[in-house]
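Listing of data20.txt; format and content: compact mmCIF, C-alpha atoms.
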# COMPACT_ATOMS: atom_id res chain seq x y z
CA MET A 28 -23.84 28.20 -17.71
CA ASP A 29 -25.16 25.09 -19.45
CA ILE A 30 -21.92 24.86 -21.40
CA ALA A 31 -19.87 25.17 -18.25
CA VAL A 32 -21.86 22.41 -16.53
CA SER A 33 -21.60 20.10 -19.53
CA ASP A 34 -17.86 20.83 -19.72
CA LEU A 35 -17.53 19.90 -16.08
CA LEU A 36 -19.54 16.71 -16.55
CA GLU A 37 -17.50 15.81 -19.61
CA SER A 38 -14.27 16.46 -17.76
CA ASP A 39 -15.50 14.34 -14.83
CA ARG A 40 -16.53 11.55 -17.23
CA ARG A 41 -13.08 11.63 -18.88
CA GLN A 42 -11.39 11.55 -15.50
CA ARG A 43 -13.46 8.56 -14.35
CA SER A 44 -12.95 6.79 -17.64
CA SER A 45 -9.20 7.36 -17.54
CA HIS A 46 -9.07 6.16 -13.90
CA SER A 47 -10.98 3.03 -14.86
CA VAL A 48 -8.64 2.36 -17.82
CA MET A 49 -5.59 2.80 -15.55
CA SER A 50 -7.19 0.49 -12.99
CA ARG A 51 -7.80 -2.21 -15.62
CA GLN A 52 -4.22 -1.86 -16.88
CA ALA A 53 -2.94 -2.20 -13.32
CA ASP A 54 -4.80 -5.54 -12.98
CA GLY A 55 -2.17 -7.11 -15.20
CA LEU A 56 0.80 -5.74 -13.24
CA SER A 57 2.77 -7.80 -10.75
CA ASP A 58 2.96 -6.69 -7.13
CA GLU A 59 6.54 -5.60 -7.71
CA GLN A 60 5.56 -3.43 -10.71
CA LEU A 61 2.81 -1.83 -8.64
CA MET A 62 5.40 -1.03 -5.97
CA THR A 63 7.46 0.77 -8.59
CA ASN A 64 4.34 2.73 -9.59
CA LEU A 65 4.00 4.03 -6.02
CA ASP A 66 6.73 6.44 -6.97
CA GLY A 67 4.94 7.79 -10.01
CA PRO A 68 1.74 9.56 -11.02
CA GLU A 69 -0.34 6.36 -10.77
CA VAL A 70 0.25 6.03 -7.05
CA GLU A 71 -3.43 5.95 -6.14
CA VAL A 72 -4.31 3.14 -8.56
CA ALA A 73 -1.20 1.14 -7.59
CA LEU A 74 -1.94 1.44 -3.87
CA SER A 75 -5.60 0.51 -4.38
CA LYS A 76 -4.61 -2.61 -6.32
CA LEU A 77 -2.16 -3.70 -3.62
CA TYR A 78 -4.86 -3.03 -1.06
CA ASP A 79 -7.36 -5.17 -3.00
CA ARG A 80 -4.85 -7.99 -3.27
CA TYR A 81 -3.53 -7.99 0.29
CA SER A 82 -5.80 -6.19 2.76
CA ARG A 83 -7.69 -9.38 3.64
CA THR A 84 -4.42 -11.19 4.30
CA VAL A 85 -3.09 -8.34 6.46
CA TYR A 86 -6.40 -8.32 8.32
CA GLY A 87 -6.38 -12.10 8.83
CA VAL A 88 -2.84 -12.21 10.17
CA GLY A 89 -3.53 -9.15 12.32
CA LEU A 90 -6.52 -10.87 13.82
CA ASN A 91 -4.38 -13.92 14.50
CA ILE A 92 -1.84 -11.86 16.44
CA LEU A 93 -4.01 -9.18 18.01
CA GLY A 94 -7.36 -10.93 18.39
CA ASP A 95 -9.27 -7.66 18.43
CA ARG A 96 -11.13 -6.38 15.37
CA SER A 97 -10.91 -2.67 16.06
CA THR A 98 -7.13 -2.83 16.57
CA VAL A 99 -6.85 -4.87 13.39
CA GLU A 100 -8.63 -2.15 11.39
CA GLU A 101 -5.99 0.22 12.74
CA LEU A 102 -3.30 -2.26 11.72
CA VAL A 103 -4.55 -2.45 8.10
CA GLN A 104 -4.42 1.34 7.90
CA ASP A 105 -0.91 1.47 9.43
CA VAL A 106 0.40 -1.23 7.11
CA PHE A 107 -0.78 0.38 3.87
CA LEU A 108 0.47 3.73 5.05
CA LYS A 109 3.88 2.10 5.56
CA VAL A 110 3.72 0.44 2.13
CA TRP A 111 3.13 3.85 0.58
CA ARG A 112 5.74 5.71 2.62
CA SER A 113 8.40 2.99 2.63
CA SER A 114 8.05 1.77 -0.93
CA ARG A 115 11.69 2.72 -1.62
CA THR A 116 12.91 0.31 1.03
CA PHE A 117 11.43 -2.61 -0.89
CA ASP A 118 14.09 -4.46 -2.87
CA PRO A 119 12.60 -7.07 -5.26
CA SER A 120 16.00 -8.75 -5.63
CA ARG A 121 15.96 -9.63 -1.91
CA SER A 122 12.40 -10.83 -1.40
CA SER A 123 9.00 -11.07 -3.01
CA PHE A 124 6.52 -8.30 -2.26
CA SER A 125 4.41 -10.78 -0.29
CA THR A 126 7.29 -11.64 2.05
CA TRP A 127 8.25 -7.98 2.47
CA LEU A 128 4.65 -7.08 3.27
CA TYR A 129 4.43 -9.94 5.76
CA ARG A 130 7.42 -8.46 7.62
CA VAL A 131 5.88 -4.97 7.55
CA THR A 132 2.61 -6.43 8.86
CA ARG A 133 4.26 -8.46 11.61
CA SER A 134 6.30 -5.53 12.80
CA ALA A 135 3.29 -3.17 12.82
CA ALA A 136 1.20 -5.83 14.60
CA ILE A 137 3.86 -6.30 17.28
CA ASP A 138 3.96 -2.53 17.84
CA LEU A 139 0.19 -2.45 18.28
CA TYR A 140 0.27 -5.61 20.41
CA ARG A 141 2.75 -3.98 22.81
CA LYS A 142 0.69 -0.83 23.01
CA ARG A 143 -2.52 -2.78 23.62
CA ALA A 144 -0.94 -5.08 26.19
CA HIS A 145 -0.34 -2.13 28.48
CA LYS A 146 -3.58 -0.36 27.80
CA VAL A 147 -6.61 -0.67 30.06
CA HIS A 148 -10.09 0.31 28.95
CA PRO A 149 -12.99 1.45 31.06
CA VAL A 150 -16.12 -0.59 30.38
CA PRO A 151 -19.74 0.39 31.10
CA ASN A 152 -19.95 -1.44 34.45
CA GLY A 153 -17.05 0.62 35.73
CA GLU A 154 -14.47 -2.20 35.84
CA LEU A 155 -11.22 -2.17 33.95
CA HIS A 156 -10.05 -4.82 31.56
CA VAL A 157 -7.16 -5.42 29.23
CA ALA A 158 -8.09 -5.60 25.56
CA ALA A 159 -8.43 -9.13 24.20
CA ALA A 160 -4.97 -9.43 22.67
CA ARG A 161 -3.49 -12.93 22.51
CA ASP A 162 -0.77 -13.72 25.02
CA PHE A 163 2.47 -14.66 23.29
CA SER A 164 4.74 -13.36 26.05
CA GLU A 165 5.88 -16.87 27.05
CA ASP A 166 6.54 -18.05 23.51
CA PRO A 167 7.24 -15.22 21.04
CA GLN A 168 8.52 -17.74 18.46
CA LYS A 169 5.06 -19.31 18.41
CA MET A 170 3.63 -15.97 17.35
CA VAL A 171 6.19 -15.69 14.52
CA ASP A 172 5.53 -19.24 13.31
CA GLU A 173 1.75 -18.97 13.54
CA SER A 174 1.61 -15.59 11.88
CA TRP A 175 3.77 -16.77 8.97
CA LEU A 176 1.63 -19.86 8.46
CA SER A 177 -1.49 -17.74 8.73
CA TRP A 178 -0.05 -15.39 6.08
CA ARG A 179 0.71 -18.25 3.69
CA VAL A 180 -2.70 -19.86 4.11
CA SER A 181 -4.43 -16.55 3.63
CA ARG A 182 -2.44 -15.90 0.43
CA ALA A 183 -3.23 -19.41 -0.80
CA LEU A 184 -6.95 -18.79 -0.20
CA GLU A 185 -6.67 -15.43 -1.92
CA VAL A 186 -5.31 -16.90 -5.15
CA LEU A 187 -7.92 -19.68 -5.32
CA ASP A 188 -10.55 -18.97 -7.93
CA ALA A 189 -13.93 -17.84 -6.63
CA PRO A 190 -15.85 -21.17 -6.88
CA HIS A 191 -13.17 -23.07 -4.97
CA ARG A 192 -12.69 -20.34 -2.38
CA GLU A 193 -16.44 -20.27 -1.86
CA VAL A 194 -16.71 -23.96 -0.97
CA ILE A 195 -13.86 -23.60 1.52
CA GLU A 196 -15.53 -20.57 3.08
CA LEU A 197 -18.85 -22.38 3.39
CA ALA A 198 -17.51 -25.78 4.42
CA TYR A 199 -14.62 -24.80 6.67
CA PHE A 200 -15.24 -21.30 8.00
CA ARG A 201 -19.04 -21.51 8.19
CA GLY A 202 -19.32 -25.20 8.96
CA PHE A 203 -21.94 -26.18 6.36
CA SER A 204 -22.20 -29.85 5.37
CA GLN A 205 -21.76 -30.79 1.73
CA ARG A 206 -25.51 -31.39 1.43
CA GLU A 207 -26.30 -27.98 2.90
CA ILE A 208 -23.92 -26.30 0.44
CA SER A 209 -25.58 -28.18 -2.41
CA GLU A 210 -29.04 -27.09 -1.25
CA ARG A 211 -28.02 -23.47 -0.76
CA SER A 212 -26.15 -23.13 -4.02
CA GLY A 213 -28.20 -25.41 -6.26
CA MET A 214 -24.99 -27.24 -7.23
CA PRO A 215 -25.25 -31.03 -7.52
CA LEU A 216 -23.90 -32.78 -4.42
CA GLY A 217 -21.24 -34.57 -6.46
CA THR A 218 -19.96 -31.24 -7.79
CA VAL A 219 -19.76 -29.79 -4.27
CA LYS A 220 -17.71 -32.78 -3.11
CA SER A 221 -15.32 -32.78 -6.04
CA ARG A 222 -14.92 -28.99 -5.81
CA THR A 223 -14.13 -29.24 -2.09
CA LYS A 224 -11.50 -31.88 -2.79
CA ARG A 225 -10.06 -29.87 -5.68
CA ALA A 226 -9.93 -26.75 -3.48
CA PHE A 227 -7.91 -28.69 -0.90
CA GLU A 228 -5.55 -29.94 -3.59
CA ARG A 229 -5.04 -26.42 -4.92
CA LEU A 230 -4.36 -25.09 -1.43
CA ARG A 231 -1.84 -27.87 -0.96
CA GLY A 232 -0.18 -26.88 -4.23
CA GLU A 233 -0.10 -23.19 -3.30
CA LEU A 234 1.33 -23.88 0.15
CA ALA A 235 4.03 -26.08 -1.36
CA LEU A 236 4.84 -23.39 -3.93
CA GLU A 237 5.19 -20.85 -1.11
CA ASP A 238 7.63 -23.20 0.63
CA THR A 239 9.72 -23.44 -2.52
CA LEU A 240 9.75 -19.66 -2.95
CA GLN A 241 10.79 -19.18 0.66
CA GLU A 242 13.65 -21.63 0.25
CA ALA A 243 14.75 -19.73 -2.83
CA ILE A 244 14.97 -16.37 -1.12
CA ARG A 245 16.61 -17.51 2.15
CA MET B 6 -16.04 -49.18 -1.73
CA ARG B 7 -13.44 -48.53 -4.42
CA CYS B 8 -10.75 -45.86 -4.03
CA ALA B 9 -12.21 -43.85 -6.94
CA GLU B 10 -15.47 -43.52 -5.03
CA ILE B 11 -13.75 -42.59 -1.79
CA HIS B 12 -11.38 -39.96 -3.15
CA PRO B 13 -13.93 -37.20 -3.86
CA ASN B 14 -15.22 -37.61 -0.29
CA LEU B 15 -11.91 -37.26 1.52
CA ALA B 16 -11.88 -33.48 1.92
CA ALA B 17 -15.55 -33.44 2.91
CA PHE B 18 -14.82 -36.18 5.46
CA LEU B 19 -12.06 -34.04 7.00
CA LEU B 20 -14.48 -31.14 7.23
CA SER B 21 -17.13 -33.34 8.89
CA GLY B 22 -19.35 -32.47 5.97
CA LEU B 23 -20.57 -35.97 5.03
CA GLU B 24 -23.74 -37.74 6.05
CA PRO B 25 -23.09 -40.23 8.90
CA GLU B 26 -23.32 -43.33 6.66
CA GLU B 27 -20.92 -41.84 4.08
CA ALA B 28 -18.49 -40.88 6.85
CA ALA B 29 -18.62 -44.45 8.17
CA GLU B 30 -17.78 -45.82 4.70
CA VAL B 31 -14.80 -43.48 4.36
CA ARG B 32 -13.57 -44.35 7.84
CA SER B 33 -13.77 -48.05 7.17
CA HIS B 34 -12.04 -47.71 3.78
CA LEU B 35 -9.21 -45.63 5.26
CA ALA B 36 -8.61 -48.31 7.88
CA SER B 37 -7.73 -50.80 5.15
CA CYS B 38 -6.33 -48.77 2.23
CA LEU B 39 -2.79 -47.43 2.53
CA SER B 40 -2.90 -45.34 -0.64
CA CYS B 41 -6.11 -43.50 0.36
CA ARG B 42 -4.72 -43.01 3.86
CA LYS B 43 -1.64 -41.37 2.38
CA GLU B 44 -3.84 -39.07 0.30
CA PHE B 45 -5.93 -38.32 3.39
CA GLU B 46 -2.84 -37.40 5.41
CA GLU B 47 -1.78 -34.92 2.71
CA LEU B 48 -5.20 -33.26 2.89
CA GLU B 49 -5.02 -33.31 6.68
CA ASN B 50 -1.92 -31.08 6.49
CA VAL B 51 -3.95 -28.51 4.55
CA TYR B 52 -6.73 -28.78 7.12
CA ARG B 53 -4.27 -28.16 9.95
CA ALA B 54 -2.89 -25.14 8.09
CA LEU B 55 -6.42 -23.76 7.68
CA GLN B 56 -6.84 -23.87 11.44
CA VAL B 57 -4.46 -20.94 11.88
CA ALA B 58 -6.16 -18.83 9.20
CA SER B 59 -8.73 -16.24 10.18
CA PRO B 60 -12.14 -16.30 8.53
CA PRO B 61 -12.10 -14.28 5.32
CA ARG B 62 -13.54 -10.81 5.43
CA PRO B 63 -15.06 -9.04 2.46
CA LEU B 64 -13.13 -6.15 0.97
CA PRO B 65 -14.40 -2.84 2.30
CA THR B 66 -16.23 -0.93 -0.41
CA SER B 67 -14.67 2.32 0.69
CA ARG B 68 -11.02 3.12 0.21
CA SER B 69 -11.19 5.78 2.89
CA CYS B 70 -8.51 4.05 4.93
CA LEU B 71 -6.01 4.47 2.10
CA PRO B 72 -3.77 7.49 2.38
CA ALA B 73 -4.32 10.34 0.02
CA PRO B 74 -1.84 10.35 -2.85
CA ARG B 75 1.41 12.17 -2.34
CA THR B 76 1.46 15.51 -4.03
CA SER B 77 4.19 15.53 -6.59
CA PRO B 78 6.71 18.36 -6.34
CA THR B 79 6.09 21.06 -8.92

Could you spell out this file's structure in structure tokens?
Amino acid sequence: MDIAVSDLLESDRRQRSSHSVMSRQADGLSDEQLMTNLDGPEVEVALSKLYDRYSRTVYGVGLNILGDRSTVEELVQDVFLKVWRSSRTFDPSRSSFSTWLYRVTRSAAIDLYRKRAHKVHPVPNGELHVAAARDFSEDPQKMVDESWLSWRVSRALEVLDAPHREVIELAYFRGFSQREISERSGMPLGTVKSRTKRAFERLRGELALEDTLQEAIR
Amino acid sequence: MRCAEIHPNLAAFLLSGLEPEEAAEVRSHLASCLSCRKEFEELENVYRALQVASPPRPLPTSRSCLPAPRTSPT
């Protein structure tokens, strides 16, 4: 019995170790290579990596279109299910993975938006209300433009290194002053300021790079 | 103030993250310096782009929302 248990533990350890090696190897793969791996035995690792790289962006754009967190959770699930099931429809010679995924996300978000727009929910006081989806009915192009910009900004934030992303999160999204960030983080005030400026410059560079890539694939 | 002293403060100024006296110095410098104003306008474009982004959310620790792997045909 002891032998059987130790065999099981050893087998489990090997499995975990092999999964962790595969996961580390996948870190170095491009999005497009991971898409190819969705068709092979390393599907789980490939999908997890794509999820790590893009789920925040999908969520952010979903929130921009749908404005409702619970529907956005559903959207993230739908989108990665589509990535997995429709991986063969992705053609890297026609667009980057990021652009393809943006289209998948937008289409899934519009589907959910339409469903939600017609759905009424009972609330505890007995009244009915329509879920808090944003109203783009008068200007659908605005939704397309905003969601694409939101996607690009989110991707640009995602590729910033952690120290620069952190100052943007604290200064922009949480509204802390430079002095407050310095006090919270223990970083000298001058470093906080120069890092904030550098983060803006990097975002500017990333957004410009995205523009160039988009021009190239049009 | 010289441009070299103003430059590191430009992004923080946009984010309203400076102390009032620092913000006043930047404002007054921008009113008279074309090159810093140009730099400021570039950063302003990034700021405007950030306005459409949603606040970042941490990655969920669980992968339960990912589909189970496809079973390969035997």

- Would you work out the distance separating atom CA of A:Val70 from atom CA of A:Ser120, expressed in Å to one decimal?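 The value is 21.6 Å.
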
- Have a look at A:Leu187, A:Tyr81, A:Phe124, A:Gly55 and name the one nearest to A:Gly232; count all atoms listed in the file. A:Leu187

- Message: Please list as a list in words every residue within 7 Å of stretch 28-42 of chain B, counting only C-alpha atoms and excluding residues in the same chain fewer than 4 positions away.
- Response: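 My list of contacting residues is Met6, Cys8, Ile11, Phe18, Leu23, Glu24 and Glu46 of chain B.
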
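Ranking A:Pro119, A:Gly94, A:Gly213, A:Pro190 by their shortest atom-to-atom distance to A:Glu59, with all atoms listed in the file included, puts A:Pro119 first.
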
- Query: Using all atoms listed in the file, which of the listed residues (B:Ala58, B:Lys43, B:Glu27, B:His12) sits closest to chain A?
  - Reply: B:Ala58

- For chain B, which residue out of A:Val180, A:Met170, A:Leu128, A:Ala53 is the nearest one, using all atoms listed in the file? A:Val180

- Exercise answer, chain B residues close to chain A, 6 Å and only C-alpha atoms, as JSON, numbers by chain: {"B": [13, 16, 22, 51, 57, 58, 59, 60, 70, 74]}

- Item | Interatomic distance (Å, one decimal) between atom CA of A:Val171 and atom CA of A:Tyr129 | 10.6 Å

- Query: What does the distance between atom CA of B:Leu20 and atom CA of A:Asp172 come to in Å, to one decimal place?
  - Reply: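 Result for atom CA of B:Leu20 versus atom CA of A:Asp172: 24.1 Å, one decimal.
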
- Task: Excluding A:Leu102 and any residue of its chain fewer than 6 positions from it, enumerate the residues within 10 Å of it, using only C-alpha atoms, and give them as a list in words.
- Result: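 Residues meeting the cut-off are Val85, Tyr86, Gly89, Leu90, Leu93, Arg96, Leu108, Thr132, Arg133, Ala135, Ala136, Ile137, Asp138, Leu139 and Tyr140 of chain A.
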